[in-house]
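J.: Mind looking over this structure? Questions follow.
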Amino acid sequence: MAHVPPARHQLRAKDLADGRYIEPRGGDHLASAAGLSRAHFSRAFRCAFGDSPHAYLLTRRLERAAALLRTTDRSVADICCSVGLQSVGSFTTSFTRTYGASPTAYRGSFPPAAAYAVIPTCVQRAYGRPQHRTFREDSDSPRQ
C-alpha cells in the first residue's frame with residue numbers, strides 16, 4: 001500500500017467538516033477520518049489550516065446561518081438547529097462575536113426574503129394568460 005501524506009488525511013477531514021457541518025459530530029469524528037488521535041489531529045489541523053477543528057466547524061456553521069438569515073424568513077431558533085447547533089444563546093453569542101451584530105439585527109440589514117423569491121417563467125406564463133378564452137367564441141359555427 002502506498003504511503004499517503006498526512007496532509008491528505010487532514011484535507012479529507014476538512015472536506016468532511018465542510019460537507020457535514022450540520023451533523024452534531026465533533027473533533028473525534030474528524031480525527032478518526034484523518035486516522036489520528038484527537039490531540040495530534042487538533043495540532044496538525046491548526047498548523048495546516050490556521051484554526052482548530054472546532055473553530056473551523058463553528059465558522060462553517062455561522063457562515064451557513066448568515067446565508068440563511070439573509071435569504072429566508074425562518075426563525076433564528078430554526079436556523080440555529082438547522083446548521084447543527086443546539087443552543088440559541090451560544091449561537092447568538094458566537095454570531096454576534098463573528099459578525100458584529102445579533103442574528104436579528106443582521107437579518108434586518110438586508111432586504112426581506114420575499115424580495116428574493118423568483119417565480120419560474122413557466123409559472124408566470126401559465127398564470128399570466130387570460131383566464132377566459134376568446135378564441136372562436138364569436139363564431140356561430142359549431143366546432144368540428
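A note on labels: chains of the C-alpha cells are A, B, ... as shown, every chain counts residues from 1, and ligands are counted from 1 in their shown order.
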At most 8 Å is the cut-off: for each residue in range 57-90 of chain A with any atom that close to an atom of range 99-105 of chain A, write down the nearest atom pair and the distance in Å rounded to one decimal, counting only C-alpha atoms, chain first then increasing number, as CSV.
T.:
residue,atom,partner,partner_atom,distance
A:Ala66,CA,A:Pro103,CA,7.7
A:Leu69,CA,A:Pro103,CA,7.2
A:Val76,CA,A:Pro103,CA,6.9
J.: Hey, can you check how far CA of Asp51 in chain A sits from CA of Cys80 in chain A?
T.: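 About the pair CA of Asp51 in chain A and CA of Cys80 in chain A: they are 21.9 Å apart.
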J.: For CA of Gln10 in chain A and CA of Ala31 in chain A, determine how far apart the two atoms are, in Å to one decimal place.
T.: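 CA of Ala31 in chain A lies 8.5 Å from CA of Gln10 in chain A.
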J.: By how many Å are CA of Ser109 in chain A and CA of Asp18 in chain A apart?
T.: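 Straight-line distance from CA of Ser109 in chain A to CA of Asp18 in chain A works out to 26.8 Å.
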J.: Given the choices A:Asp78, A:Asp73, A:Asp28, A:Glu63, which gets closest to Tyr116 in chain A if the distance is worked out from only C-alpha atoms?
T.: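 Ranking A:Asp78, A:Asp73, A:Asp28, A:Glu63 by distance to Tyr116 in chain A, first place goes to A:Asp73.
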J.: To test your reading of the structure, identify every residue in range 3-142 of chain A that backbone DSSP assigns to helix (DSSP H, G or I), and report it as a PyMOL selection string.
T.: chain A and resi 6-19+27-34+38-49+53-71+76-82+88-99+103-108+113-116+121-128
J.: Between A:Pro53, A:Gly128, A:Pro111, A:Pro120, which residue has the minimum interatomic distance to Leu30 in chain A, considering only C-alpha atoms?
T.: A:Pro53
J.: Would you mind telling me which residue in A:Arg74, A:Lys14, A:His29, A:Arg64 lies nearest to Ser52 in chain A when using only C-alpha atoms?
T.: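 Distance minimum relative to Ser52 in chain A lands on A:Lys14.
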